[in-house]
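Notes to accompany the following structure.
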Amino acid sequence: MIFYNLIKVGEKFLAKKNILRPRYESILLFSKVNQININEYFINKKKKISKTKVNIFLKKIALRGTGKPLSKIIGKKEFYSREFFVNTKTLDPRPETELLIDLIKNFKGKTVTPLKILDLGTGTGCIIISLFLELRKKINVSCDGIDISNNALRVAKKNAIHHHVANKINLYKSNWFINIKKKFDIIVSNPPYIKKSEIKFLPLEVKNFDPEVSLCGGYDGLNSFRRIAHGAKNFLKKDGVIYVEIGNYQSEKVRKIFENKKFVTLDVVKDLSNMERVIIFKK
Ligand SMILES: C[S@@+](CC[C@H](N)C(=O)[O-])C[C@H]1O[C@@H](n2cnc3c(N)ncnc32)[C@H](O)[C@@H]1O
């Protein structure tokens, strides 16, 4: 079979499964199987493809037909213009989380270096690795990322190696602050914040392929914020700042949780969809 015809088979199958961009995804999966870039496909449309590769491609197309996200099939997702490894044990990095990087890049509060940053619930490590890579261009930074999931930590470490920062970022297991022994200038977190009862209503690609530990914030979605607000003061230096990503319409409740623990709200920042997405608190 030639490249072009195989792409057509993939495209038709995905269209039947109501995948939004069937042609694009068919070409993308094809290019991954053949380890070529998309442009090479257009140049080689009439080239023949081996039976083995046809079978691998069709298996991937069938998986996509089950609703498995493209990122989880190819094992990679882009975040802040860099590629991160993902799997079904990690939350796929989301575009709205990039706001945390933009905000912390513009952090003005501290001149003494190194600037110490802790990422709670690091998942793929996308936040702490991006912060390290962005901030080191102008200041000396010391970075820690923790997670409760061994599987997520394995992926975070693989990403740190991929970005050549494995010896620069401390990645370790901790149930929030339990294994943390230092104080930080900045704590950042995109914690699980979906209500338990709402998980079943999430899109299939999320509820079936992102791990529950990365999504579920308990009965009201706010458990992680309570735990973080309860512990954070002991792990922030004087004038330390905490940045948390929040779910839709959680702003008032999350502010109350932190303000009850004597944090001061510095800012509530909206994302590109005009939803309040990040809150910044000061110790
Ligand atoms: C919403 S995901 C965020 C992942 C990543 N930081 C990102 O933004 O893409 C939340 C992460 O918190 C971790 N987590 C959940 N409960 C935790 C706990 N008690 N202590 C530490 N990490 C936890 C999950 O394993 C998951 O990786």
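Each chain in the structure tokens gets a letter, A, B and so on, in the order shown; residues start at 1 in every chain, and ligands are counted from 1 in the order they appear.
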
Kindly compile the residues surrounding ligand 1 within 7 Å, counting only C-alpha atoms and all ligand atoms, and format them as an MDAnalysis selection string.
-> chainID A and resid 90:94 97 120:127 146:149 152 174:176 189:192 213:215

Which residues in region 131-252 of chain A does DSSP call strand (DSSP E or B)? List them as a ChimeraX atom specification.
-> /A:141-147,169-173,184-189,194,216,236-245

Go ahead and write the residues just picked, N, CA and C atoms, as an mmCIF file, in the first residue's frame.
```cif
data_model
loop_
_atom_site.group_PDB
_atom_site.id
_atom_site.type_symbol
_atom_site.label_atom_id
_atom_site.label_comp_id
_atom_site.auth_asym_id
_atom_site.auth_seq_id
_atom_site.Cartn_x
_atom_site.Cartn_y
_atom_site.Cartn_z
ATOM 1 N N VAL A 141 18.350 29.795 40.020
ATOM 2 C CA VAL A 141 17.151 29.227 40.652
ATOM 3 C C VAL A 141 17.452 27.842 41.212
ATOM 4 N N SER A 142 16.741 27.516 42.286
ATOM 5 C CA SER A 142 16.864 26.181 42.867
ATOM 6 C C SER A 142 15.448 25.599 42.890
ATOM 7 N N CYS A 143 15.267 24.447 42.247
ATOM 8 C CA CYS A 143 13.907 23.947 42.032
ATOM 9 C C CYS A 143 13.665 22.571 42.622
ATOM 10 N N ASP A 144 12.507 22.412 43.296
ATOM 11 C CA ASP A 144 12.058 21.107 43.783
ATOM 12 C C ASP A 144 10.658 20.848 43.220
ATOM 13 N N GLY A 145 10.398 19.593 42.862
ATOM 14 C CA GLY A 145 9.053 19.200 42.430
ATOM 15 C C GLY A 145 8.682 17.923 43.156
ATOM 16 N N ILE A 146 7.486 17.897 43.738
ATOM 17 C CA ILE A 146 7.087 16.672 44.461
ATOM 18 C C ILE A 146 5.777 16.148 43.883
ATOM 19 N N ASP A 147 5.542 14.858 44.094
ATOM 20 C CA ASP A 147 4.255 14.276 43.721
ATOM 21 C C ASP A 147 4.008 13.064 44.616
ATOM 22 N N ILE A 169 17.155 19.773 39.092
ATOM 23 C CA ILE A 169 15.834 19.849 39.727
ATOM 24 C C ILE A 169 15.657 18.635 40.631
ATOM 25 N N ASN A 170 15.281 18.884 41.890
ATOM 26 C CA ASN A 170 15.053 17.779 42.825
ATOM 27 C C ASN A 170 13.614 17.302 42.669
ATOM 28 N N LEU A 171 13.449 16.038 42.258
ATOM 29 C CA LEU A 171 12.104 15.485 42.087
ATOM 30 C C LEU A 171 11.951 14.331 43.071
ATOM 31 N N TYR A 172 10.973 14.408 43.955
ATOM 32 C CA TYR A 172 10.836 13.346 44.960
ATOM 33 C C TYR A 172 9.391 13.182 45.404
ATOM 34 N N LYS A 173 9.195 12.050 46.105
ATOM 35 C CA LYS A 173 7.835 11.706 46.517
ATOM 36 C C LYS A 173 7.472 12.439 47.804
ATOM 37 N N PHE A 184 10.934 27.950 50.934
ATOM 38 C CA PHE A 184 10.993 28.410 49.539
ATOM 39 C C PHE A 184 10.555 29.870 49.431
ATOM 40 N N ASP A 185 11.005 30.497 48.337
ATOM 41 C CA ASP A 185 10.546 31.852 48.025
ATOM 42 C C ASP A 185 9.202 31.794 47.297
ATOM 43 N N ILE A 186 9.056 30.738 46.468
ATOM 44 C CA ILE A 186 7.818 30.600 45.687
ATOM 45 C C ILE A 186 7.335 29.155 45.794
ATOM 46 N N ILE A 187 6.053 29.007 46.087
ATOM 47 C CA ILE A 187 5.425 27.683 45.948
ATOM 48 C C ILE A 187 4.413 27.820 44.821
ATOM 49 N N VAL A 188 4.409 26.841 43.932
ATOM 50 C CA VAL A 188 3.451 26.860 42.819
ATOM 51 C C VAL A 188 2.736 25.517 42.815
ATOM 52 N N SER A 189 1.445 25.537 42.457
ATOM 53 C CA SER A 189 0.741 24.258 42.353
ATOM 54 C C SER A 189 -0.452 24.352 41.417
ATOM 55 N N ILE A 194 -11.123 18.981 40.718
ATOM 56 C CA ILE A 194 -12.474 18.647 40.228
ATOM 57 C C ILE A 194 -13.260 17.969 41.352
ATOM 58 N N CYS A 216 -9.097 14.566 40.976
ATOM 59 C CA CYS A 216 -10.124 14.597 42.013
ATOM 60 C C CYS A 216 -9.705 15.394 43.242
ATOM 61 N N LEU A 236 7.320 28.458 53.485
ATOM 62 C CA LEU A 236 7.585 29.684 52.728
ATOM 63 C C LEU A 236 8.499 30.576 53.549
ATOM 64 N N LYS A 237 9.456 31.208 52.888
ATOM 65 C CA LYS A 237 10.301 32.160 53.592
ATOM 66 C C LYS A 237 9.483 33.424 53.866
ATOM 67 N N LYS A 238 10.063 34.311 54.647
ATOM 68 C CA LYS A 238 9.419 35.614 54.906
ATOM 69 C C LYS A 238 9.159 36.266 53.531
ATOM 70 N N ASP A 239 8.003 36.832 53.333
ATOM 71 C CA ASP A 239 7.610 37.440 52.053
ATOM 72 C C ASP A 239 7.442 36.424 50.928
ATOM 73 N N GLY A 240 7.433 35.133 51.266
ATOM 74 C CA GLY A 240 7.236 34.101 50.243
ATOM 75 C C GLY A 240 5.854 34.225 49.599
ATOM 76 N N VAL A 241 5.756 33.703 48.375
ATOM 77 C CA VAL A 241 4.529 33.867 47.597
ATOM 78 C C VAL A 241 4.071 32.499 47.083
ATOM 79 N N ILE A 242 2.765 32.319 47.009
ATOM 80 C CA ILE A 242 2.247 31.054 46.487
ATOM 81 C C ILE A 242 1.295 31.325 45.309
ATOM 82 N N TYR A 243 1.483 30.546 44.244
ATOM 83 C CA TYR A 243 0.655 30.666 43.037
ATOM 84 C C TYR A 243 -0.130 29.361 42.898
ATOM 85 N N VAL A 244 -1.467 29.434 42.878
ATOM 86 C CA VAL A 244 -2.241 28.204 42.666
ATOM 87 C C VAL A 244 -3.165 28.353 41.458
ATOM 88 N N GLU A 245 -3.194 27.296 40.662
ATOM 89 C CA GLU A 245 -4.200 27.253 39.590
ATOM 90 C C GLU A 245 -5.501 26.767 40.217
#
```

Selection: 12 Å around Phe85 (chain A), only C-alpha atoms, excl. self and same-chain fewer than 6 positions, as a PyMOL selection string = chain A and resi 71-79+91-93+123-126+152-163

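Here the alpha helix (DSSP H) residues in region 40-95 of chain A, by DSSP on the backbone, are Glu40, Tyr41, Phe42, Ile43, Lys51, Thr52, Lys53, Val54, Asn55, Ile56, Phe57, Leu58, Lys59, Lys60, Ile61, Ala62, Leu63, Arg64, Gly65, Leu70, Ser71, Lys72, Ile73 and Ile74 of chain A.
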
So that I have them on file, write out the residues from the current selection with N, CA and C atoms, as a PDB file, in the first residue's frame.
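Printed below is result_38.pdb as written:
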```
ATOM      1  N   GLU A  40       7.487  15.627   5.073  1.00  0.00           N
ATOM      2  CA  GLU A  40       8.039  14.485   4.327  1.00  0.00           C
ATOM      3  C   GLU A  40       6.924  13.603   3.774  1.00  0.00           C
ATOM      4  N   TYR A  41       5.809  13.539   4.513  1.00  0.00           N
ATOM      5  CA  TYR A  41       4.680  12.762   3.992  1.00  0.00           C
ATOM      6  C   TYR A  41       4.209  13.350   2.658  1.00  0.00           C
ATOM      7  N   PHE A  42       4.086  14.684   2.614  1.00  0.00           N
ATOM      8  CA  PHE A  42       3.558  15.300   1.396  1.00  0.00           C
ATOM      9  C   PHE A  42       4.503  15.075   0.206  1.00  0.00           C
ATOM     10  N   ILE A  43       5.786  14.988   0.480  1.00  0.00           N
ATOM     11  CA  ILE A  43       6.748  14.770  -0.609  1.00  0.00           C
ATOM     12  C   ILE A  43       6.721  13.306  -1.066  1.00  0.00           C
ATOM     13  N   LYS A  51       4.353  -3.836   5.498  1.00  0.00           N
ATOM     14  CA  LYS A  51       3.182  -4.413   6.162  1.00  0.00           C
ATOM     15  C   LYS A  51       3.242  -4.184   7.676  1.00  0.00           C
ATOM     16  N   THR A  52       4.454  -4.315   8.219  1.00  0.00           N
ATOM     17  CA  THR A  52       4.605  -4.129   9.675  1.00  0.00           C
ATOM     18  C   THR A  52       4.151  -2.725  10.062  1.00  0.00           C
ATOM     19  N   LYS A  53       4.601  -1.741   9.291  1.00  0.00           N
ATOM     20  CA  LYS A  53       4.253  -0.361   9.637  1.00  0.00           C
ATOM     21  C   LYS A  53       2.762  -0.094   9.422  1.00  0.00           C
ATOM     22  N   VAL A  54       2.185  -0.740   8.408  1.00  0.00           N
ATOM     23  CA  VAL A  54       0.734  -0.597   8.186  1.00  0.00           C
ATOM     24  C   VAL A  54       0.014  -1.064   9.450  1.00  0.00           C
ATOM     25  N   ASN A  55       0.439  -2.223   9.978  1.00  0.00           N
ATOM     26  CA  ASN A  55      -0.238  -2.772  11.159  1.00  0.00           C
ATOM     27  C   ASN A  55      -0.081  -1.879  12.385  1.00  0.00           C
ATOM     28  N   ILE A  56       1.133  -1.359  12.557  1.00  0.00           N
ATOM     29  CA  ILE A  56       1.347  -0.466  13.718  1.00  0.00           C
ATOM     30  C   ILE A  56       0.447   0.766  13.587  1.00  0.00           C
ATOM     31  N   PHE A  57       0.412   1.320  12.380  1.00  0.00           N
ATOM     32  CA  PHE A  57      -0.405   2.515  12.139  1.00  0.00           C
ATOM     33  C   PHE A  57      -1.884   2.221  12.425  1.00  0.00           C
ATOM     34  N   LEU A  58      -2.379   1.090  11.903  1.00  0.00           N
ATOM     35  CA  LEU A  58      -3.805   0.782  12.076  1.00  0.00           C
ATOM     36  C   LEU A  58      -4.154   0.567  13.551  1.00  0.00           C
ATOM     37  N   LYS A  59      -3.214   0.012  14.309  1.00  0.00           N
ATOM     38  CA  LYS A  59      -3.454  -0.159  15.757  1.00  0.00           C
ATOM     39  C   LYS A  59      -3.593   1.211  16.428  1.00  0.00           C
ATOM     40  N   LYS A  60      -2.750   2.144  16.037  1.00  0.00           N
ATOM     41  CA  LYS A  60      -2.799   3.479  16.650  1.00  0.00           C
ATOM     42  C   LYS A  60      -4.107   4.195  16.258  1.00  0.00           C
ATOM     43  N   ILE A  61      -4.487   4.022  15.002  1.00  0.00           N
ATOM     44  CA  ILE A  61      -5.736   4.632  14.541  1.00  0.00           C
ATOM     45  C   ILE A  61      -6.915   4.039  15.334  1.00  0.00           C
ATOM     46  N   ALA A  62      -6.883   2.713  15.550  1.00  0.00           N
ATOM     47  CA  ALA A  62      -7.974   2.069  16.291  1.00  0.00           C
ATOM     48  C   ALA A  62      -8.027   2.617  17.726  1.00  0.00           C
ATOM     49  N   LEU A  63      -6.845   2.811  18.326  1.00  0.00           N
ATOM     50  CA  LEU A  63      -6.806   3.372  19.687  1.00  0.00           C
ATOM     51  C   LEU A  63      -7.420   4.773  19.715  1.00  0.00           C
ATOM     52  N   ARG A  64      -7.075   5.567  18.719  1.00  0.00           N
ATOM     53  CA  ARG A  64      -7.618   6.929  18.649  1.00  0.00           C
ATOM     54  C   ARG A  64      -9.132   6.872  18.529  1.00  0.00           C
ATOM     55  N   GLY A  65      -9.614   5.846  17.806  1.00  0.00           N
ATOM     56  CA  GLY A  65     -11.062   5.653  17.646  1.00  0.00           C
ATOM     57  C   GLY A  65     -11.760   5.361  18.967  1.00  0.00           C
ATOM     58  N   LEU A  70      -4.655  11.878  21.414  1.00  0.00           N
ATOM     59  CA  LEU A  70      -3.481  11.773  20.537  1.00  0.00           C
ATOM     60  C   LEU A  70      -2.188  11.805  21.364  1.00  0.00           C
ATOM     61  N   SER A  71      -2.163  12.703  22.338  1.00  0.00           N
ATOM     62  CA  SER A  71      -0.957  12.839  23.169  1.00  0.00           C
ATOM     63  C   SER A  71      -0.615  11.524  23.873  1.00  0.00           C
ATOM     64  N   LYS A  72      -1.639  10.814  24.344  1.00  0.00           N
ATOM     65  CA  LYS A  72      -1.376   9.577  25.087  1.00  0.00           C
ATOM     66  C   LYS A  72      -0.976   8.447  24.127  1.00  0.00           C
ATOM     67  N   ILE A  73      -1.332   8.580  22.868  1.00  0.00           N
ATOM     68  CA  ILE A  73      -0.917   7.560  21.888  1.00  0.00           C
ATOM     69  C   ILE A  73       0.519   7.822  21.447  1.00  0.00           C
ATOM     70  N   ILE A  74       0.831   9.067  21.169  1.00  0.00           N
ATOM     71  CA  ILE A  74       2.203   9.335  20.725  1.00  0.00           C
ATOM     72  C   ILE A  74       3.147   9.528  21.914  1.00  0.00           C
TER      73      ILE A  74
END
```

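Within 10 Å of region 260-263 of chain A, once only C-alpha atoms are used and residues closer than 5 positions along the same chain are dropped, the contacting residues are Arg226, Ala229, His230, Gly231, Ala232, Lys233, Val241, Ile242, Val254, Arg255, Ile280, Phe281, Lys282 and Lys283 of chain A.
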
Deliver the residues from the most recent selection as a file, using C-alpha atoms, as a PDB file, in the first residue's frame.
```pdb
ATOM      1  CA  ARG A 226      -7.131  23.104  52.220  1.00  0.00           C
ATOM      2  CA  ALA A 229      -3.080  26.358  52.700  1.00  0.00           C
ATOM      3  CA  HIS A 230      -2.714  24.476  55.978  1.00  0.00           C
ATOM      4  CA  GLY A 231       0.942  23.547  55.361  1.00  0.00           C
ATOM      5  CA  ALA A 232       2.358  26.276  53.152  1.00  0.00           C
ATOM      6  CA  LYS A 233       3.253  28.868  55.808  1.00  0.00           C
ATOM      7  CA  VAL A 241       4.529  33.867  47.597  1.00  0.00           C
ATOM      8  CA  ILE A 242       2.247  31.054  46.487  1.00  0.00           C
ATOM      9  CA  VAL A 254     -10.093  29.242  47.454  1.00  0.00           C
ATOM     10  CA  ARG A 255      -9.434  32.812  48.597  1.00  0.00           C
ATOM     11  CA  ILE A 280      -1.389  34.643  44.022  1.00  0.00           C
ATOM     12  CA  PHE A 281      -1.093  34.797  47.814  1.00  0.00           C
ATOM     13  CA  LYS A 282       1.566  36.318  50.058  1.00  0.00           C
ATOM     14  CA  LYS A 283       2.585  34.905  53.420  1.00  0.00           C
TER      15      LYS A 283
END
```
